[in-house]
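entry-v6.txt (compact mmCIF, C-alpha atoms and all ligand atoms)
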# COMPACT_ATOMS: atom_id res chain seq x y z
CA MET A 1 -24.53 10.81 4.02
CA LYS A 2 -25.32 7.34 5.34
CA LYS A 3 -25.65 6.37 8.99
CA ASN A 4 -24.33 3.08 10.39
CA ALA A 5 -22.91 2.06 7.03
CA SER A 6 -21.35 -1.38 6.65
CA LEU A 7 -17.66 -1.26 5.71
CA LYS A 8 -17.40 -5.02 5.14
CA LYS A 9 -17.18 -4.74 1.35
CA LEU A 10 -15.17 -1.52 1.42
CA HIS A 11 -11.96 -2.91 2.90
CA THR A 12 -9.93 -5.99 2.04
CA PHE A 13 -9.86 -7.65 5.49
CA GLY A 14 -13.63 -8.08 5.01
CA LEU A 15 -14.44 -7.47 8.67
CA GLU A 16 -17.99 -6.94 9.88
CA VAL A 17 -17.54 -3.27 10.88
CA GLN A 18 -19.64 -0.16 10.52
CA ALA A 19 -19.04 3.56 10.20
CA ALA A 20 -21.26 5.84 12.29
CA ASP A 21 -21.38 8.19 9.27
CA TYR A 22 -20.31 7.59 5.67
CA ILE A 23 -20.12 9.83 2.63
CA SER A 24 -18.51 9.46 -0.79
CA VAL A 25 -17.08 12.42 -2.67
CA ALA A 26 -16.67 12.54 -6.45
CA HIS A 27 -15.17 15.99 -6.80
CA GLU A 28 -13.11 18.58 -4.88
CA THR A 29 -16.17 20.86 -4.61
CA GLU A 30 -18.17 18.10 -2.90
CA LEU A 31 -15.36 17.56 -0.46
CA ARG A 32 -15.12 21.27 0.32
CA LYS A 33 -18.86 21.35 1.05
CA ILE A 34 -18.53 18.90 3.95
CA LEU A 35 -15.81 20.91 5.72
CA PRO A 36 -15.12 21.35 8.57
CA LEU A 37 -14.85 17.62 9.18
CA PRO A 38 -15.53 16.13 12.58
CA LYS A 39 -12.31 15.46 14.49
CA ASN A 40 -12.88 11.73 14.17
CA HIS A 41 -12.76 11.19 10.42
CA LEU A 42 -11.15 8.66 8.12
CA ILE A 43 -10.35 8.92 4.43
CA LEU A 44 -11.08 5.66 2.66
CA GLY A 45 -9.67 4.60 -0.70
CA GLY A 46 -9.74 0.91 -1.55
CA GLY A 47 -9.45 -0.09 2.12
CA SER A 48 -6.52 -2.38 1.26
CA ASN A 49 -4.13 -1.06 3.87
CA MET A 50 -6.21 -0.76 7.00
CA LEU A 51 -7.29 -2.86 9.95
CA PHE A 52 -10.41 -1.73 11.78
CA THR A 53 -10.09 -2.89 15.38
CA LYS A 54 -13.75 -1.99 16.01
CA ASP A 55 -16.66 -0.04 14.50
CA PHE A 56 -15.60 3.41 13.38
CA GLU A 57 -17.40 6.01 15.51
CA GLY A 58 -16.76 8.98 13.22
CA LEU A 59 -17.17 9.98 9.55
CA VAL A 60 -15.71 7.87 6.74
CA ILE A 61 -15.11 9.86 3.54
CA HIS A 62 -14.81 7.59 0.52
CA ASN A 63 -12.64 8.99 -2.24
CA LYS A 64 -14.32 8.67 -5.65
CA ILE A 65 -12.55 11.53 -7.42
CA LYS A 66 -11.95 10.23 -10.94
CA GLY A 67 -10.22 11.29 -14.13
CA ILE A 68 -7.04 10.54 -16.07
CA GLU A 69 -5.64 13.32 -18.28
CA VAL A 70 -2.35 14.02 -20.01
CA VAL A 71 -1.44 17.58 -19.01
CA GLU A 72 2.02 17.88 -20.60
CA GLU A 73 3.78 15.96 -23.31
CA ASN A 74 7.05 16.03 -25.20
CA GLU A 75 8.91 13.46 -27.28
CA GLU A 76 10.23 11.60 -24.27
CA GLN A 77 7.66 11.94 -21.52
CA VAL A 78 4.09 12.59 -20.53
CA LEU A 79 2.78 14.14 -17.36
CA VAL A 80 -0.44 12.44 -16.31
CA ARG A 81 -2.85 13.93 -13.75
CA VAL A 82 -5.00 11.31 -12.09
CA GLY A 83 -8.00 11.57 -9.74
CA GLY A 84 -7.21 10.09 -6.33
CA GLY A 85 -10.29 7.85 -6.50
CA GLU A 86 -9.09 6.02 -9.61
CA ILE A 87 -8.14 2.39 -9.03
CA TRP A 88 -4.36 2.02 -9.10
CA HIS A 89 -4.21 -1.14 -11.23
CA GLU A 90 -6.64 0.33 -13.77
CA LEU A 91 -4.27 3.28 -14.13
CA VAL A 92 -1.38 0.85 -14.68
CA LEU A 93 -3.36 -0.96 -17.42
CA TRP A 94 -4.30 2.37 -19.02
CA ALA A 95 -0.61 3.44 -19.10
CA ILE A 96 0.41 0.14 -20.71
CA GLU A 97 -2.32 0.53 -23.32
CA GLN A 98 -0.92 4.01 -24.20
CA ASN A 99 2.62 2.59 -24.21
CA TYR A 100 3.73 4.84 -21.35
CA ALA A 101 6.44 3.18 -19.25
CA GLY A 102 7.01 3.47 -15.51
CA LEU A 103 4.08 1.79 -13.75
CA GLU A 104 4.34 -1.79 -15.03
CA ASN A 105 6.37 -3.13 -12.07
CA LEU A 106 3.63 -1.82 -9.77
CA SER A 107 0.90 -3.86 -11.49
CA LEU A 108 -1.88 -5.37 -9.41
CA ILE A 109 -1.19 -3.44 -6.19
CA PRO A 110 -4.68 -3.01 -4.74
CA GLY A 111 -6.11 0.34 -3.76
CA SER A 112 -6.61 3.85 -5.03
CA VAL A 113 -4.29 6.32 -6.73
CA GLY A 114 -4.81 8.85 -3.91
CA ALA A 115 -3.42 6.43 -1.34
CA ALA A 116 -0.39 5.42 -3.41
CA PRO A 117 1.83 8.30 -2.18
CA ILE A 118 0.79 7.78 1.46
CA GLN A 119 3.09 4.81 1.90
CA ASN A 120 5.05 5.31 -1.34
CA ILE A 121 3.80 1.98 -2.68
CA GLY A 122 6.48 -0.30 -3.96
CA ALA A 123 7.05 -3.73 -5.43
CA TYR A 124 9.42 -5.64 -7.69
CA GLY A 125 12.19 -3.08 -7.75
CA ALA A 126 10.03 0.03 -8.23
CA GLU A 127 8.38 2.61 -6.01
CA LEU A 128 5.77 5.30 -6.58
CA LYS A 129 8.42 7.96 -5.95
CA ASP A 130 10.28 6.87 -9.12
CA VAL A 131 7.50 8.32 -11.32
CA PHE A 132 6.09 10.90 -8.93
CA ASP A 133 6.00 14.54 -10.06
CA ARG A 134 3.65 16.24 -7.59
CA LEU A 135 0.27 15.87 -5.94
CA GLU A 136 -2.70 18.04 -5.12
CA ALA A 137 -4.25 17.74 -1.68
CA MET A 138 -6.99 19.64 0.08
CA ASN A 139 -6.02 21.17 3.39
CA LEU A 140 -8.91 19.94 5.52
CA GLU A 141 -8.80 23.00 7.77
CA THR A 142 -8.85 25.67 5.06
CA GLY A 143 -10.41 23.87 2.08
CA VAL A 144 -7.54 25.11 -0.09
CA ILE A 145 -5.93 22.75 -2.60
CA GLU A 146 -2.17 22.78 -2.03
CA THR A 147 0.52 21.30 -4.26
CA PHE A 148 3.20 19.00 -2.83
CA GLY A 149 6.35 18.44 -4.88
CA PHE A 150 8.71 15.51 -4.51
CA GLU A 151 10.76 17.13 -1.75
CA ASP A 152 7.66 18.05 0.26
CA CYS A 153 6.44 14.47 0.51
CA GLY A 154 9.30 12.95 2.53
CA PHE A 155 9.18 9.65 0.67
CA ALA A 156 11.02 6.70 2.17
CA TYR A 157 10.46 2.95 2.33
CA ARG A 158 6.67 2.64 2.82
CA GLU A 159 6.65 6.15 4.26
CA SER A 160 5.71 9.72 3.45
CA ILE A 161 4.89 12.87 5.36
CA PHE A 162 1.20 11.95 5.03
CA LYS A 163 1.74 8.99 7.35
CA GLY A 164 3.72 11.19 9.73
CA THR A 165 3.25 14.83 10.71
CA LEU A 166 0.49 15.51 8.16
CA LYS A 167 -1.55 12.41 8.96
CA GLY A 168 -5.28 13.15 8.68
CA LYS A 169 -4.66 16.81 7.77
CA TYR A 170 -4.83 16.57 3.96
CA PHE A 171 -7.03 14.75 1.46
CA ILE A 172 -5.01 13.77 -1.62
CA THR A 173 -7.28 14.71 -4.52
CA ARG A 174 -5.03 14.26 -7.59
CA VAL A 175 -1.62 12.75 -8.29
CA LEU A 176 0.67 13.76 -11.17
CA LEU A 177 3.01 11.13 -12.55
CA ARG A 178 5.77 11.45 -15.12
CA LEU A 179 5.78 8.48 -17.47
CA SER A 180 8.21 7.67 -20.24
CA LYS A 181 7.40 7.34 -23.93
CA GLN A 182 10.79 5.66 -24.46
CA ALA A 183 11.14 1.95 -23.84
CA THR A 184 12.85 1.75 -20.45
CA PHE A 185 12.63 -1.51 -18.56
CA ASN A 186 13.25 -2.35 -14.93
CA ILE A 187 13.95 -6.07 -14.66
CA SER A 188 16.40 -5.88 -11.76
CA TYR A 189 14.11 -8.20 -9.81
CA GLY A 190 15.21 -11.78 -10.47
CA ALA A 191 11.72 -13.31 -10.44
CA ILE A 192 10.60 -11.07 -13.31
CA GLN A 193 13.56 -12.14 -15.44
CA LYS A 194 12.77 -15.77 -14.72
CA VAL A 195 9.12 -15.50 -15.79
CA LEU A 196 10.14 -13.63 -18.97
CA GLU A 197 12.62 -16.40 -19.77
CA ASP A 198 10.21 -19.22 -18.91
CA THR A 199 7.42 -17.73 -21.01
CA GLN A 200 9.88 -16.65 -23.74
CA SER A 201 8.23 -13.24 -23.78
CA PRO A 202 9.92 -10.42 -25.66
CA LEU A 203 10.83 -7.55 -23.37
CA SER A 204 8.07 -4.90 -23.22
CA ILE A 205 6.17 -3.00 -20.56
CA ARG A 206 3.25 -5.34 -21.17
CA SER A 207 5.32 -8.49 -20.73
CA ILE A 208 6.81 -7.07 -17.51
CA SER A 209 3.33 -6.25 -16.23
CA ASN A 210 2.11 -9.75 -17.14
CA ALA A 211 5.11 -11.27 -15.35
CA VAL A 212 4.43 -9.20 -12.22
CA ILE A 213 0.74 -10.18 -12.33
CA GLN A 214 1.71 -13.85 -12.65
CA ILE A 215 4.14 -13.69 -9.73
CA ARG A 216 1.74 -11.76 -7.51
CA THR A 217 -1.19 -14.04 -8.28
CA GLN A 218 0.88 -17.09 -7.34
CA LYS A 219 2.42 -15.56 -4.22
CA LEU A 220 -0.22 -13.38 -2.62
CA PRO A 221 -3.68 -14.35 -1.39
CA ASP A 222 -6.55 -12.67 -3.23
CA PRO A 223 -8.59 -10.57 -0.77
CA LYS A 224 -11.75 -11.62 -2.65
CA GLU A 225 -11.05 -15.19 -1.54
CA ILE A 226 -9.52 -14.60 1.89
CA GLY A 227 -9.54 -11.30 3.76
CA ASN A 228 -6.09 -9.72 4.14
CA SER A 229 -4.21 -6.47 3.79
CA GLY A 230 -1.05 -7.66 2.06
CA SER A 231 2.16 -7.42 4.10
CA PHE A 232 1.10 -6.72 7.65
CA PHE A 233 4.52 -5.55 8.88
CA LYS A 234 7.25 -3.49 7.26
CA ASN A 235 10.63 -5.04 6.60
CA PRO A 236 12.78 -3.69 9.46
CA ILE A 237 15.65 -1.32 8.64
CA VAL A 238 18.48 -1.82 11.13
CA GLU A 239 22.01 -0.55 11.66
CA ILE A 240 24.61 -2.62 9.84
CA ALA A 241 26.16 -3.69 13.18
CA VAL A 242 22.78 -5.10 14.29
CA ALA A 243 22.41 -7.03 11.02
CA LYS A 244 25.97 -8.39 11.35
CA ALA A 245 25.33 -9.60 14.89
CA LEU A 246 22.15 -11.36 13.74
CA GLN A 247 24.03 -12.92 10.82
CA GLU A 248 26.54 -14.43 13.23
CA LYS A 249 23.78 -16.01 15.26
CA TYR A 250 21.52 -16.95 12.31
CA PRO A 251 23.78 -17.50 9.27
CA SER A 252 20.86 -17.97 6.83
CA ILE A 253 19.14 -14.66 7.69
CA PRO A 254 18.50 -12.59 4.54
CA VAL A 255 20.11 -9.14 4.76
CA TYR A 256 19.75 -6.47 2.06
CA PRO A 257 21.87 -3.33 1.70
CA VAL A 258 20.09 0.04 2.12
CA ASN A 259 22.93 2.55 2.40
CA ASN A 260 26.28 2.93 4.17
CA ASP A 261 24.69 2.79 7.62
CA PHE A 262 21.64 0.58 7.33
CA ASN A 263 20.52 -2.86 6.17
CA LYS A 264 17.04 -4.22 5.57
CA LEU A 265 15.82 -7.53 7.04
CA ALA A 266 12.93 -9.65 5.78
CA ALA A 267 10.08 -9.45 8.30
CA GLY A 268 8.51 -12.56 6.73
CA TRP A 269 11.69 -14.59 7.40
CA LEU A 270 11.81 -13.54 11.06
CA ILE A 271 8.14 -14.50 11.55
CA ASP A 272 8.56 -17.75 9.65
CA GLN A 273 11.50 -18.84 11.83
CA LEU A 274 9.20 -18.75 14.83
CA GLY A 275 6.74 -21.15 13.24
CA TRP A 276 3.87 -18.72 12.69
CA LYS A 277 3.16 -19.61 9.05
CA GLY A 278 -0.27 -21.25 8.79
CA TYR A 279 -1.06 -20.50 12.47
CA ARG A 280 -4.76 -20.01 13.19
CA LYS A 281 -6.64 -18.91 16.28
CA GLY A 282 -10.38 -18.85 15.59
CA ASP A 283 -10.74 -17.11 12.25
CA ALA A 284 -7.64 -14.93 12.64
CA GLY A 285 -4.54 -16.43 11.12
CA VAL A 286 -1.21 -16.22 9.36
CA HIS A 287 -1.34 -17.18 5.68
CA GLN A 288 -0.12 -20.71 5.05
CA HIS A 289 2.43 -19.65 2.40
CA GLN A 290 3.17 -16.05 3.43
CA ALA A 291 4.25 -15.46 7.02
CA LEU A 292 3.97 -11.70 6.50
CA VAL A 293 0.28 -11.80 5.58
CA LEU A 294 -2.35 -11.98 8.32
CA VAL A 295 -5.72 -13.28 7.19
CA ASN A 296 -9.38 -13.33 8.12
CA HIS A 297 -10.63 -16.88 7.53
CA GLY A 298 -14.22 -15.62 7.59
CA ASN A 299 -15.57 -14.23 10.81
CA ALA A 300 -12.53 -12.88 12.64
CA THR A 301 -12.88 -9.56 14.41
CA GLY A 302 -10.39 -6.74 13.95
CA GLU A 303 -9.53 -7.06 17.62
CA GLU A 304 -8.59 -10.73 17.13
CA ILE A 305 -6.35 -9.97 14.16
CA TRP A 306 -4.70 -7.10 16.04
CA ALA A 307 -4.15 -9.35 19.09
CA LEU A 308 -2.49 -11.94 16.84
CA ALA A 309 -0.31 -9.23 15.25
CA LYS A 310 0.82 -8.12 18.71
CA GLU A 311 1.64 -11.72 19.71
CA ILE A 312 3.78 -12.09 16.58
CA GLN A 313 5.44 -8.74 17.25
CA ALA A 314 6.30 -9.76 20.84
CA SER A 315 7.70 -13.15 19.80
CA VAL A 316 9.94 -11.59 17.12
CA GLN A 317 11.17 -9.00 19.57
CA LYS A 318 11.95 -11.65 22.17
CA GLU A 319 13.90 -13.88 19.78
CA PHE A 320 15.62 -11.34 17.52
CA GLY A 321 15.43 -8.07 19.49
CA ILE A 322 13.66 -6.42 16.53
CA LEU A 323 10.40 -4.51 16.93
CA LEU A 324 8.28 -5.09 13.83
CA GLU A 325 6.29 -2.03 12.80
CA PRO A 326 2.88 -2.54 11.16
CA GLU A 327 2.70 -1.47 7.53
CA VAL A 328 -1.09 -1.63 7.75
CA ASN A 329 -2.88 1.40 9.24
CA ILE A 330 -4.48 0.36 12.51
CA ILE A 331 -7.83 2.13 12.89
CA ALA A 332 -8.76 2.16 16.58
C1 LIG B 401 -3.14 -8.40 -1.44
C2 LIG B 401 -2.46 -7.08 -1.18
C3 LIG B 401 -1.21 -6.83 -1.71
C4 LIG B 401 -0.55 -5.62 -1.49
N1 LIG B 401 0.68 -5.42 -2.05
C5 LIG B 401 1.31 -4.25 -1.85
C6 LIG B 401 2.58 -4.01 -2.46
O1 LIG B 401 3.10 -4.84 -3.20
N2 LIG B 401 3.19 -2.83 -2.22
C7 LIG B 401 2.62 -1.87 -1.43
O2 LIG B 401 3.24 -0.82 -1.26
N3 LIG B 401 1.41 -2.07 -0.86
C8 LIG B 401 0.75 -3.22 -1.04
N4 LIG B 401 -0.47 -3.44 -0.46
C9 LIG B 401 -1.05 -2.38 0.38
C10 LIG B 401 -2.03 -1.45 -0.37
O3 LIG B 401 -2.38 -1.99 -1.61
C11 LIG B 401 -1.43 -0.07 -0.58
O4 LIG B 401 -1.00 0.49 0.64
C12 LIG B 401 -2.43 0.89 -1.23
O5 LIG B 401 -1.78 2.08 -1.61
C13 LIG B 401 -3.59 1.23 -0.32
O6 LIG B 401 -4.54 1.95 -1.08
P1 LIG B 401 -6.02 2.09 -0.59
O7 LIG B 401 -6.72 3.03 -1.51
O8 LIG B 401 -6.65 0.76 -0.43
O9 LIG B 401 -5.80 2.78 0.82
P2 LIG B 401 -6.72 2.66 2.12
O10 LIG B 401 -6.48 1.35 2.77
O11 LIG B 401 -8.12 3.03 1.80
O12 LIG B 401 -6.05 3.79 3.02
C14 LIG B 401 -4.74 3.64 3.53
C15 LIG B 401 -4.37 4.87 4.38
O13 LIG B 401 -4.28 6.03 3.56
C16 LIG B 401 -5.25 7.02 3.94
N5 LIG B 401 -5.79 7.58 2.68
C17 LIG B 401 -6.35 6.86 1.68
N6 LIG B 401 -6.65 7.67 0.65
C18 LIG B 401 -6.25 8.91 1.01
C19 LIG B 401 -6.29 10.20 0.36
N7 LIG B 401 -6.81 10.35 -0.86
N8 LIG B 401 -5.80 11.27 1.03
C20 LIG B 401 -5.28 11.13 2.28
N9 LIG B 401 -5.22 9.95 2.94
C21 LIG B 401 -5.70 8.86 2.31
C22 LIG B 401 -6.30 6.26 4.75
O14 LIG B 401 -6.97 7.11 5.65
C23 LIG B 401 -5.44 5.21 5.43
O15 LIG B 401 -4.78 5.74 6.55
C24 LIG B 401 -1.16 -4.63 -0.68
C25 LIG B 401 -2.43 -4.88 -0.15
C26 LIG B 401 -3.09 -6.09 -0.38
C27 LIG B 401 -4.45 -6.32 0.17

Exercise: express the given structure as structure tokens:
Amino acid sequence: MKKNASLKKLHTFGLEVQAADYISVAHETELRKILPLPKNHLILGGGSNMLFTKDFEGLVIHNKIKGIEVVEENEEQVLVRVGGGEIWHELVLWAIEQNYAGLENLSLIPGSVGAAPIQNIGAYGAELKDVFDRLEAMNLETGVIETFGFEDCGFAYRESIFKGTLKGKYFITRVLLRLSKQATFNISYGAIQKVLEDTQSPLSIRSISNAVIQIRTQKLPDPKEIGNSGSFFKNPIVEIAVAKALQEKYPSIPVYPVNNDFNKLAAGWLIDQLGWKGYRKGDAGVHQHQALVLVNHGNATGEEIWALAKEIQASVQKEFGILLEPEVNIIA
């Protein structure tokens, strides 16, 4: 247990913040030993989806539970059980090395395996839920490890039950993923196809992963170079009638189908229309190429970044009547 521990290097916004108490846990038994937790606690993975608005007054528990094991296997599939403290991208690279398909489109997403189900991470036409089998999580009141199947998790776009009613109540210790031994490729996303064509790469899970890495490296700022948390807001899901009305007023607005009742809008487009791209106030700013990514140019405070996010939110609501919801977890 450390007191007044710096969190600067433990989260990707790189803010100068401290935790009153900090502990890392490498195994379920270590976690059980520190129960009951103080009311004010925070589980930390890679810190790539959180904005600290100030110092954290409670206990930060850093997930370091490791291990990758194949627990079931047949001719078509493997079931892999992974410690929540494993780094997501290292798991992806491991799966590619074994020739197990299913994770390649999710290459280079920062963070830990344990956090991946929390917001059902997704990118380039794939989501965690596509390969999810079940997870193990410790009930932080009882210390019992419970199993959550697919239906229990309430997965949706950047959502799960762990962001909703069960927020803060469970510590995800292990995640079980079903990967394919057959060559199945997801190249529905146009940009992947283009890179594969341009580089004349034969279709394989490795070439898809390389294409995704190339696209992401070009498009997204590296938190090691400039503090950020990826997309700050979620893409809004609106009723089709709302999307139609916006299309009449703004004919170039991108609109994506979701189902028979809802459409998805591009939050980045809405923000960009209002001229926020490249905006900077002190060291808090909007990335110069990505309107959806808020950045710390060096010495911003969490409060400054949150104030900027709220300004953006208000301006989008005023112009388009859409309330942008943060994708990043705001830690107050
Ligand atoms: C440059 C960049 C690009 C990104 N691109 C994408 C993308 O393409 N798609 C995408 O979906 N996301 C993306 N993200 C967001 C981020 O990578 C994911 O949300 C990731 O899953 C966060 O993992 P983490 O370990 O860093 O979580 P943290 O930030 O440490 O935690 C996030 C939340 O989950 C909780 N939590 C963490 N671990 C556990 C656990 N074991 N049990 C219970 N609760 C837990 C935390 O308390 C917190 O509320 C990006 C982020 C960055 C910085």

Polymer residues at most 12 Å from Val212 of chain A, only C-alpha atoms, same-chain spacing of 6 or more positions, as a PyMOL selection string = chain A and resi 89+92+103-109+123-126+186-187+189-196+205-206+218-220

Long-range neighbours of Glu57 of chain A as a list in words, 10 Å cut-off, all atoms listed in the file, 3 positions minimum in chain: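 My reading of the contact set: Asn4, Gln18, Ala19, Ala20, Asp21, Asn40, His41, Lys54, Val60 and Ala332 of chain A.
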
Exercise for the section: Could you give me the residues within 6 Å of ligand LIG 401 (chain B), counting all atoms listed in the file, as a ChimeraX atom specification? Expected result: /A:12,42-50,84,109-112,114-116,118,121-123,170-173,220-223,228-230,329

Which one is closest to Ser160 of chain A: A:Asn120, A:Leu176, A:Gln182, A:Glu141? Count only C-alpha atoms.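 Nearest candidate to Ser160 of chain A out of A:Asn120, A:Leu176, A:Gln182, A:Glu141: A:Asn120.
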
| said: Using Å and a single decimal, report how far atom CA of Leu292 of chain A sits from atom CA of Arg216 of chain A. | reply: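 Spanning atom CA of Arg216 of chain A to atom CA of Leu292 of chain A is a straight-line distance of 14.2 Å.
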
Problem - Which of A:Ala291, A:Leu140, A:Ile271, A:Met1 sits closest to Ala314 of chain A [using only C-alpha atoms] - result: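 Of A:Ala291, A:Leu140, A:Ile271, A:Met1, the one nearest Ala314 of chain A is A:Ile271, counting only C-alpha atoms.
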
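Straight-line separation from atom CA of Ala137 of chain A to atom CA of Arg174 of chain A: 6.9 Å.
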
Excluding Glu146 of chain A and its own-chain neighbours fewer than 5 positions away, which residues fall within 8 Å of it when counting all atoms listed in the file? Please give them as a list in words.
Glu136, Ala137, Met138 and Asn139 of chain A

Could you please fill out segment 125-137 of chain A with N, CA and C atoms and send it back as a short mmCIF file (atom, residue, chain, number, x, y, z; two decimals), keeping the file's coordinate frame?
data_model
loop_
_atom_site.label_atom_id
_atom_site.label_comp_id
_atom_site.auth_asym_id
_atom_site.auth_seq_id
_atom_site.Cartn_x
_atom_site.Cartn_y
_atom_site.Cartn_z
N GLY A 125 11.12 -3.99 -7.34
CA GLY A 125 12.19 -3.08 -7.75
C GLY A 125 11.75 -1.68 -8.13
N ALA A 126 10.50 -1.32 -7.89
CA ALA A 126 10.03 0.03 -8.23
C ALA A 126 9.23 0.61 -7.07
N GLU A 127 9.20 1.93 -7.03
CA GLU A 127 8.38 2.61 -6.01
C GLU A 127 7.65 3.76 -6.69
N LEU A 128 6.54 4.17 -6.06
CA LEU A 128 5.77 5.30 -6.58
C LEU A 128 6.67 6.52 -6.80
N LYS A 129 7.59 6.75 -5.88
CA LYS A 129 8.42 7.96 -5.95
C LYS A 129 9.24 8.03 -7.25
N ASP A 130 9.48 6.88 -7.89
CA ASP A 130 10.28 6.87 -9.12
C ASP A 130 9.58 7.60 -10.28
N VAL A 131 8.25 7.67 -10.23
CA VAL A 131 7.50 8.32 -11.32
C VAL A 131 6.74 9.55 -10.83
N PHE A 132 6.89 9.82 -9.54
CA PHE A 132 6.09 10.90 -8.93
C PHE A 132 6.58 12.28 -9.38
N ASP A 133 5.65 13.15 -9.75
CA ASP A 133 6.00 14.54 -10.06
C ASP A 133 5.51 15.47 -8.95
N ARG A 134 4.21 15.44 -8.68
CA ARG A 134 3.65 16.24 -7.59
C ARG A 134 2.23 15.74 -7.29
N LEU A 135 1.66 16.24 -6.21
CA LEU A 135 0.27 15.87 -5.94
C LEU A 135 -0.49 17.10 -5.47
N GLU A 136 -1.81 16.98 -5.61
CA GLU A 136 -2.70 18.04 -5.12
C GLU A 136 -3.47 17.47 -3.94
N ALA A 137 -3.54 18.23 -2.86
CA ALA A 137 -4.25 17.74 -1.68
C ALA A 137 -5.01 18.90 -1.04
#
